[in-house]
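Trainee: What follows is a single structure, and I will ask about it in a moment.
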2 protein chains.
Amino acid sequence: MSITIVAGVDGGGSRTRVVIADESGRELATAEGGPSAVRPGEAERSAEVIAAAVREALASCRMADVVPKVLVAGVAGAGRDSERDALWQALLAREVAEDVSVQPDAMIALEDAFGDGPGLMVISGTGSVGFGRGPAGAFARVGGWGPACGDEGSGAWIGRRALSIVTASHDGREPETQLSGAILTAAEVNEVPELVAWAAGATPATLATLAPVVLSVAHGGDLRANSLVTLAVEELVLHARTLARQLFGDERAAVPLALGGGLLAKGSLLRKRMVHRLKSAVPGAQLREEEVVPVRGAVRAALRLLGATAA
Amino acid sequence: MSITIVAGVDGGGSRTRVVIADESGRELATAEGGPSAVRPGEAERSAEVIAAAVREALASCRMADVVPKVLVAGVAGAGRDSERDALWQALLAREVAEDVSVQPDAMIALEDAFGDGPGLMVISGTGSVGFGRGPAGAFARVGGWGPACGDEGSGAWIGRRALSIVTASHDGREPETQLSGAILTAAEVNEVPELVAWAAGATPATLATLAPVVLSVAHGGDLRANSLVTLAVEELVLHARTLARQLFGDERAAVPLALGGGLLAKGSLLRKRMVHRLKSAVPGAQLREEEVVPVRGAVRAALRLLGATAA
């Protein structure tokens, strides 16, 4: 068949999203697979997950025998050259498309938010990270160092600090706070000392489940919860400010900015506080209100590559 | 034989120390065994470690056939009633002594530092904790919540924050600091990004190995290292201040205070800074300069029980 189609892939640590689109960008089919974030030595496994999801999407729009002209895969872990190259080879070998581009997941998020223009993104979910592209095309990243070193202002970071506040309050080292009851309820334990065992078995994702509790208690007016939210906002704003200076020269320059991740979703208290604080800390920030959908960015990147090929 | 002897035991998470003494307190023999900290369901194992070390000490002073009149065991984990009772039963069943007393490890440390009088101890090693006895005999404890919830001002706490400073400095989120080179050297990696894998595999004890590096860099005048040391001191002073208020009513009251743990050893920068800060934060603190040796406190407690029995 002579239908021209492209594929966009968002390959993350918990799932893989695929969108098939025609040359006008119209979405023809979607599919979802398991995790395809690429770790050293695991490029073949990642490629297999991605290829299976692409085949499933093609079959669902009755195009099982059509090979996409271009496939763009934004994949977590593809910031490392060796992993990106290995995954690219593995995808080409599977003939998932005539032309394949593997990019770090950050690039397809930027593509959706700002096309190939300049802009910054700050993300706070279980972890936190900031990245962006400057007016001259330079890419930079801050944070994202993982739960032991950093991820400042992330859900796991907020959760761990909440545990510290609750135990310190129990000791009388800090004032009483409504966080205590709320955290006990969220951890499903009866007494503060039981939090020791709970915390010892907690993953970063488990700790991050406490962050919405902190935001809710802060919203209710609790002073300690509010000061913790303020600290988190400062860390996330510092991501944006650092990138604005590195990529735009100055935090007062016009800086397109998008926020992402569960804790910065529209309507969340953390987002509201951050948007407020940005006005003084990064006065040039121009906030993008629309949600960022990385797989949509992958499709757009594929269409641009298609145009370049056709031209 | 009719020789009257006592045994003191310091049962910790990494080793067990035993001292055999005569009724005048003269040390007759010592021995060391593996860890005997008591965890739920493991009292028999703890008792066996303690009994073996006691037998070894008795044999080394040719008293293998003598049963001590009193044995006092200060054991980590014996703050929980159920563990204390189980260990007490298990030691009695092994006939380690005519009379046995099992106490939390904090009690024999206080005994060595202050006899049965009032006083506070603040400890910073891998973890941190404060505990003490008030003028009326009441016992209280703050901190010691473990690496996930707290242990503020401890070695693991300082090490984790140092990693956060070094990665943030690498990102340009924070100024340059001499911590960067020193931490890379200590972790035996070449580049800051390699710290992610290093930190992911680090235990609290591993993180605590970075604390002496921080103290050394702070001593050299580095601003960021110094501000981290200041934060740690504030946390440890807050342990002392909270206990002074709870047990002595007021931080200006006369409060005997001992410092312990590797990071607060004599001559350390952390100890010097803490002693300085205590002057304004806990002005009533009367610092005990002599090193605290918990097993010596266990012997003293045993001698007092012996006197009470004889009387």
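In the structure tokens, the first chain shown is A, the next is B, and so on; residue numbers restart at 1 for each chain, and ligands run from 1 in the order shown.
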Looking only at strand (DSSP E or B) from DSSP on the backbone, list the matching residues of stretch 60-111 of chain B as a PDB file with N, CA, C and O atoms, in the first residue's frame.

Mentor:
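Here's the written file states_37.pdb:
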```pdb
ATOM      1  N   VAL B  70      25.323 -10.885  89.988  1.00  0.00           N
ATOM      2  CA  VAL B  70      24.409 -10.015  89.232  1.00  0.00           C
ATOM      3  C   VAL B  70      24.974  -9.782  87.826  1.00  0.00           C
ATOM      4  O   VAL B  70      26.184  -9.589  87.676  1.00  0.00           O
ATOM      5  N   LEU B  71      24.119  -9.825  86.830  1.00  0.00           N
ATOM      6  CA  LEU B  71      24.499  -9.436  85.473  1.00  0.00           C
ATOM      7  C   LEU B  71      23.543  -8.345  85.009  1.00  0.00           C
ATOM      8  O   LEU B  71      22.315  -8.506  85.101  1.00  0.00           O
ATOM      9  N   VAL B  72      24.115  -7.238  84.551  1.00  0.00           N
ATOM     10  CA  VAL B  72      23.287  -6.182  83.952  1.00  0.00           C
ATOM     11  C   VAL B  72      23.630  -6.118  82.463  1.00  0.00           C
ATOM     12  O   VAL B  72      24.796  -5.942  82.109  1.00  0.00           O
ATOM     13  N   ALA B  73      22.605  -6.294  81.630  1.00  0.00           N
ATOM     14  CA  ALA B  73      22.803  -6.226  80.188  1.00  0.00           C
ATOM     15  C   ALA B  73      22.045  -5.025  79.637  1.00  0.00           C
ATOM     16  O   ALA B  73      20.815  -4.958  79.728  1.00  0.00           O
ATOM     17  N   GLY B  74      22.792  -4.075  79.091  1.00  0.00           N
ATOM     18  CA  GLY B  74      22.177  -2.951  78.381  1.00  0.00           C
ATOM     19  C   GLY B  74      22.154  -3.315  76.912  1.00  0.00           C
ATOM     20  O   GLY B  74      23.203  -3.463  76.295  1.00  0.00           O
ATOM     21  N   VAL B  75      20.968  -3.494  76.345  1.00  0.00           N
ATOM     22  CA  VAL B  75      20.880  -4.084  75.015  1.00  0.00           C
ATOM     23  C   VAL B  75      20.045  -3.206  74.081  1.00  0.00           C
ATOM     24  O   VAL B  75      18.944  -2.763  74.451  1.00  0.00           O
ATOM     25  N   ASP B  99      21.293 -13.232  89.477  1.00  0.00           N
ATOM     26  CA  ASP B  99      20.271 -12.208  89.248  1.00  0.00           C
ATOM     27  C   ASP B  99      20.584 -11.503  87.922  1.00  0.00           C
ATOM     28  O   ASP B  99      21.744 -11.201  87.649  1.00  0.00           O
ATOM     29  N   VAL B 100      19.558 -11.257  87.113  1.00  0.00           N
ATOM     30  CA  VAL B 100      19.760 -10.663  85.784  1.00  0.00           C
ATOM     31  C   VAL B 100      18.887  -9.422  85.633  1.00  0.00           C
ATOM     32  O   VAL B 100      17.721  -9.446  86.021  1.00  0.00           O
ATOM     33  N   SER B 101      19.459  -8.367  85.088  1.00  0.00           N
ATOM     34  CA  SER B 101      18.654  -7.193  84.731  1.00  0.00           C
ATOM     35  C   SER B 101      18.923  -6.818  83.281  1.00  0.00           C
ATOM     36  O   SER B 101      20.086  -6.634  82.884  1.00  0.00           O
ATOM     37  N   VAL B 102      17.869  -6.743  82.497  1.00  0.00           N
ATOM     38  CA  VAL B 102      18.007  -6.313  81.098  1.00  0.00           C
ATOM     39  C   VAL B 102      17.459  -4.891  80.983  1.00  0.00           C
ATOM     40  O   VAL B 102      16.361  -4.601  81.468  1.00  0.00           O
ATOM     41  N   GLN B 103      18.234  -4.009  80.351  1.00  0.00           N
ATOM     42  CA  GLN B 103      17.841  -2.603  80.232  1.00  0.00           C
ATOM     43  C   GLN B 103      18.088  -2.124  78.804  1.00  0.00           C
ATOM     44  O   GLN B 103      18.901  -2.699  78.092  1.00  0.00           O
ATOM     45  N   PRO B 104      17.412  -1.060  78.413  1.00  0.00           N
ATOM     46  CA  PRO B 104      17.758  -0.459  77.118  1.00  0.00           C
ATOM     47  C   PRO B 104      19.215   0.009  77.147  1.00  0.00           C
ATOM     48  O   PRO B 104      19.726   0.388  78.200  1.00  0.00           O
TER      49      PRO B 104
END
```

Trainee: Write out as CSV the residues of chain B that have any atom within 10 Å of an atom of chain A, one row each with the nearest atom pair and its distance in Å to one decimal, counting only C-alpha atoms, sorted by chain and then rising number.

Mentor:
```
residue,atom,partner,partner_atom,distance
B:Ala140,CA,A:Asp171,CA,9.1
B:Arg141,CA,A:Asp171,CA,7.5
B:Val142,CA,A:Asp171,CA,5.2
B:Gly143,CA,A:Ala168,CA,7.0
B:Gly144,CA,A:Thr167,CA,9.5
B:Trp145,CA,A:Val196,CA,6.2
B:Gly146,CA,A:Val196,CA,6.7
B:Pro147,CA,A:Ala200,CA,8.1
B:Ala148,CA,A:Ala199,CA,5.8
B:Cys149,CA,A:Ser164,CA,4.7
B:Gly150,CA,A:Ser164,CA,5.0
B:Asp151,CA,A:Ser164,CA,8.6
B:Glu152,CA,A:Ser164,CA,8.4
B:Gly159,CA,A:Cys149,CA,9.5
B:Arg160,CA,A:Cys149,CA,6.3
B:Arg161,CA,A:Cys149,CA,7.5
B:Ala162,CA,A:Cys149,CA,8.3
B:Leu163,CA,A:Cys149,CA,5.1
B:Ser164,CA,A:Cys149,CA,4.7
B:Ile165,CA,A:Cys149,CA,8.4
B:Val166,CA,A:Cys149,CA,8.6
B:Thr167,CA,A:Cys149,CA,7.0
B:Ala168,CA,A:Gly143,CA,7.0
B:Ser169,CA,A:Val142,CA,9.9
B:His170,CA,A:Val142,CA,8.6
B:Asp171,CA,A:Val142,CA,5.2
B:Gly172,CA,A:Thr242,CA,6.6
B:Arg173,CA,A:Thr242,CA,5.6
B:Glu174,CA,A:Thr242,CA,8.9
B:Val192,CA,A:Trp145,CA,9.9
B:Pro193,CA,A:Trp145,CA,8.0
B:Leu195,CA,A:Cys149,CA,7.9
B:Val196,CA,A:Trp145,CA,6.2
B:Ala197,CA,A:Gly146,CA,9.3
B:Trp198,CA,A:Ala148,CA,9.5
B:Ala199,CA,A:Ala148,CA,5.8
B:Ala200,CA,A:Ala148,CA,6.5
B:Gly201,CA,A:Ala148,CA,9.5
B:Ala202,CA,A:Ala148,CA,8.7
B:Leu207,CA,A:Ala148,CA,9.6
B:Glu235,CA,A:Arg173,CA,9.2
B:Leu238,CA,A:Arg173,CA,6.6
B:His239,CA,A:Arg173,CA,6.9
B:Ala240,CA,A:Arg173,CA,9.6
B:Arg241,CA,A:Arg173,CA,8.4
B:Thr242,CA,A:Arg173,CA,5.7
B:Leu243,CA,A:Arg173,CA,8.7
B:Arg245,CA,A:Gly172,CA,9.6
B:Gln246,CA,A:Gly172,CA,8.4
```

Trainee: Determine which residues of stretch 56-161 of chain A receive a DSSP assignment of helix (DSSP H, G or I), computed from the backbone, and state them as an mmCIF file with C-alpha atoms, in the first residue's frame.

Mentor:
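Output file part_18.cif follows:
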```cif
data_model
loop_
_atom_site.group_PDB
_atom_site.id
_atom_site.type_symbol
_atom_site.label_atom_id
_atom_site.label_comp_id
_atom_site.auth_asym_id
_atom_site.auth_seq_id
_atom_site.Cartn_x
_atom_site.Cartn_y
_atom_site.Cartn_z
ATOM 1 C CA GLU A 56 -0.698 -3.753 17.883
ATOM 2 C CA ALA A 57 -1.544 -0.157 16.948
ATOM 3 C CA LEU A 58 -1.131 -0.896 13.211
ATOM 4 C CA ALA A 59 -3.321 -3.985 13.468
ATOM 5 C CA SER A 60 -6.047 -2.030 15.280
ATOM 6 C CA ASP A 81 24.563 7.739 23.883
ATOM 7 C CA SER A 82 25.323 4.026 24.184
ATOM 8 C CA GLU A 83 21.713 3.150 25.102
ATOM 9 C CA ARG A 84 20.298 5.421 22.413
ATOM 10 C CA ASP A 85 22.462 3.851 19.712
ATOM 11 C CA ALA A 86 21.752 0.301 20.860
ATOM 12 C CA LEU A 87 17.997 0.914 20.902
ATOM 13 C CA TRP A 88 18.140 2.596 17.484
ATOM 14 C CA GLN A 89 19.927 -0.445 15.999
ATOM 15 C CA ALA A 90 17.488 -2.839 17.671
ATOM 16 C CA LEU A 91 14.453 -0.941 16.308
ATOM 17 C CA LEU A 92 15.910 -0.755 12.784
ATOM 18 C CA ALA A 93 16.588 -4.507 12.879
ATOM 19 C CA ASP A 105 11.972 11.325 26.735
ATOM 20 C CA ALA A 106 12.594 14.965 27.639
ATOM 21 C CA MET A 107 12.860 15.887 23.932
ATOM 22 C CA ILE A 108 9.384 14.697 22.947
ATOM 23 C CA ALA A 109 7.910 16.496 25.963
ATOM 24 C CA LEU A 110 9.614 19.718 24.799
ATOM 25 C CA GLU A 111 8.407 19.013 21.257
ATOM 26 C CA ASP A 112 4.795 18.819 22.433
ATOM 27 C CA ALA A 113 5.127 21.912 24.615
ATOM 28 C CA PHE A 114 7.146 24.175 22.321
ATOM 29 C CA GLY A 146 17.221 10.201 42.102
ATOM 30 C CA PRO A 147 15.840 9.808 45.609
ATOM 31 C CA ALA A 148 19.164 9.472 47.483
ATOM 32 C CA CYS A 149 20.975 12.460 45.969
ATOM 33 C CA GLY A 155 6.696 13.655 45.849
ATOM 34 C CA ALA A 156 9.229 11.317 47.493
ATOM 35 C CA TRP A 157 11.146 14.328 48.817
ATOM 36 C CA ILE A 158 7.992 15.877 50.290
ATOM 37 C CA GLY A 159 6.906 12.528 51.757
ATOM 38 C CA ARG A 160 10.215 11.901 53.511
ATOM 39 C CA ARG A 161 10.263 15.390 55.009
#
```

Trainee: Which residue is closest to A:Val6? Choose from A:Leu179, A:Ala302, A:Leu210, A:Ala37 and count only C-alpha atoms.

Mentor: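 Comparing A:Leu179, A:Ala302, A:Leu210, A:Ala37 against A:Val6, the winner is A:Ala302.
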
Trainee: I'd like the interatomic distance between atom CA of B:Leu287 and atom CA of B:Ile123, to a tenth of an Å.

Mentor: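 Answer for the atom CA of B:Leu287 to atom CA of B:Ile123 separation: 13.5 Å.
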
Trainee: What gap, in Å, lies between atom CA of A:Val19 and atom CA of A:Ala301?

Mentor: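 Those two atoms sit 12.3 Å apart.
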
Trainee: How many Å separate atom CA of B:Ala97 from atom CA of B:Leu305?

Mentor: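 Computing the Euclidean distance for atom CA of B:Ala97 and atom CA of B:Leu305 yields 12.6 Å.
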
Trainee: For A:Val295, work out the shell of residues within 7 Å, counting only C-alpha atoms and skipping chain neighbours fewer than 5 positions away, then give it as JSON, numbers by chain.

Mentor: {"A": [8, 9, 10, 17, 18, 19, 108]}

Trainee: Just want the 9 Å neighbourhood of A:Gly260, counted on only C-alpha atoms, with same-chain residues fewer than 3 positions away dropped. Output as an mmCIF file with all heavy atoms, in the first residue's frame.

Mentor:
```cif
data_model
loop_
_atom_site.group_PDB
_atom_site.id
_atom_site.type_symbol
_atom_site.label_atom_id
_atom_site.label_comp_id
_atom_site.auth_asym_id
_atom_site.auth_seq_id
_atom_site.Cartn_x
_atom_site.Cartn_y
_atom_site.Cartn_z
ATOM 1 N N MET A 121 10.771 22.972 30.834
ATOM 2 C CA MET A 121 9.762 22.185 31.553
ATOM 3 C C MET A 121 10.282 21.854 32.939
ATOM 4 O O MET A 121 11.443 21.488 33.090
ATOM 5 C CB MET A 121 9.496 20.859 30.837
ATOM 6 C CG MET A 121 8.500 20.964 29.718
ATOM 7 S SD MET A 121 7.719 19.330 29.443
ATOM 8 C CE MET A 121 6.596 19.240 30.840
ATOM 9 N N VAL A 122 9.417 21.947 33.939
ATOM 10 C CA VAL A 122 9.732 21.473 35.286
ATOM 11 C C VAL A 122 8.696 20.418 35.645
ATOM 12 O O VAL A 122 7.491 20.649 35.494
ATOM 13 C CB VAL A 122 9.712 22.618 36.314
ATOM 14 C CG1 VAL A 122 9.887 22.073 37.729
ATOM 15 C CG2 VAL A 122 10.813 23.630 35.998
ATOM 16 N N ILE A 123 9.183 19.252 36.075
ATOM 17 C CA ILE A 123 8.303 18.127 36.365
ATOM 18 C C ILE A 123 8.455 17.718 37.821
ATOM 19 O O ILE A 123 9.579 17.589 38.320
ATOM 20 C CB ILE A 123 8.659 16.934 35.437
ATOM 21 C CG1 ILE A 123 8.293 17.300 33.994
ATOM 22 C CG2 ILE A 123 7.946 15.661 35.874
ATOM 23 C CD1 ILE A 123 8.700 16.263 32.972
ATOM 24 N N SER A 124 7.337 17.521 38.507
ATOM 25 C CA SER A 124 7.374 16.957 39.854
ATOM 26 C C SER A 124 6.342 15.852 39.975
ATOM 27 O O SER A 124 5.134 16.094 39.914
ATOM 28 C CB SER A 124 7.122 18.039 40.918
ATOM 29 O OG SER A 124 7.101 17.447 42.195
ATOM 30 N N GLY A 125 6.848 14.632 40.083
ATOM 31 C CA GLY A 125 5.992 13.468 40.328
ATOM 32 C C GLY A 125 6.630 12.719 41.482
ATOM 33 O O GLY A 125 6.932 13.319 42.504
ATOM 34 N N LEU A 263 2.182 16.044 40.614
ATOM 35 C CA LEU A 263 2.047 17.045 41.668
ATOM 36 C C LEU A 263 1.864 18.451 41.122
ATOM 37 O O LEU A 263 1.472 19.359 41.851
ATOM 38 C CB LEU A 263 3.268 17.011 42.598
ATOM 39 C CG LEU A 263 3.337 15.793 43.510
ATOM 40 C CD1 LEU A 263 4.588 15.844 44.370
ATOM 41 C CD2 LEU A 263 2.101 15.716 44.388
ATOM 42 N N LEU A 264 2.177 18.648 39.830
ATOM 43 C CA LEU A 264 2.007 19.971 39.216
ATOM 44 C C LEU A 264 0.849 19.968 38.207
ATOM 45 O O LEU A 264 0.771 20.838 37.347
ATOM 46 C CB LEU A 264 3.312 20.423 38.550
ATOM 47 C CG LEU A 264 4.463 20.746 39.517
ATOM 48 C CD1 LEU A 264 5.754 21.035 38.765
ATOM 49 C CD2 LEU A 264 4.103 21.945 40.405
ATOM 50 N N ALA A 265 -0.041 18.974 38.343
ATOM 51 C CA ALA A 265 -1.205 18.916 37.452
ATOM 52 C C ALA A 265 -2.073 20.153 37.666
ATOM 53 O O ALA A 265 -2.048 20.784 38.727
ATOM 54 C CB ALA A 265 -2.004 17.649 37.725
ATOM 55 N N LYS A 266 -2.859 20.462 36.652
ATOM 56 C CA LYS A 266 -3.712 21.659 36.729
ATOM 57 C C LYS A 266 -4.608 21.625 37.961
ATOM 58 O O LYS A 266 -5.225 20.608 38.263
ATOM 59 C CB LYS A 266 -4.569 21.759 35.477
ATOM 60 C CG LYS A 266 -3.963 22.703 34.472
ATOM 61 C CD LYS A 266 -4.963 23.148 33.442
ATOM 62 C CE LYS A 266 -4.863 24.637 33.200
ATOM 63 N NZ LYS A 266 -5.525 25.015 31.941
ATOM 64 N N GLU A 291 -1.970 20.944 28.909
ATOM 65 C CA GLU A 291 -1.257 19.769 29.386
ATOM 66 C C GLU A 291 -0.241 19.303 28.341
ATOM 67 O O GLU A 291 -0.492 19.370 27.144
ATOM 68 C CB GLU A 291 -2.262 18.639 29.649
ATOM 69 C CG GLU A 291 -1.656 17.452 30.372
ATOM 70 C CD GLU A 291 -2.592 16.233 30.344
ATOM 71 O OE1 GLU A 291 -3.717 16.349 29.795
ATOM 72 O OE2 GLU A 291 -2.194 15.187 30.866
ATOM 73 N N VAL A 292 0.916 18.827 28.820
ATOM 74 C CA VAL A 292 1.946 18.297 27.915
ATOM 75 C C VAL A 292 1.719 16.799 27.738
ATOM 76 O O VAL A 292 1.600 16.063 28.711
ATOM 77 C CB VAL A 292 3.351 18.572 28.471
ATOM 78 C CG1 VAL A 292 4.414 17.927 27.594
ATOM 79 C CG2 VAL A 292 3.586 20.081 28.597
#
```
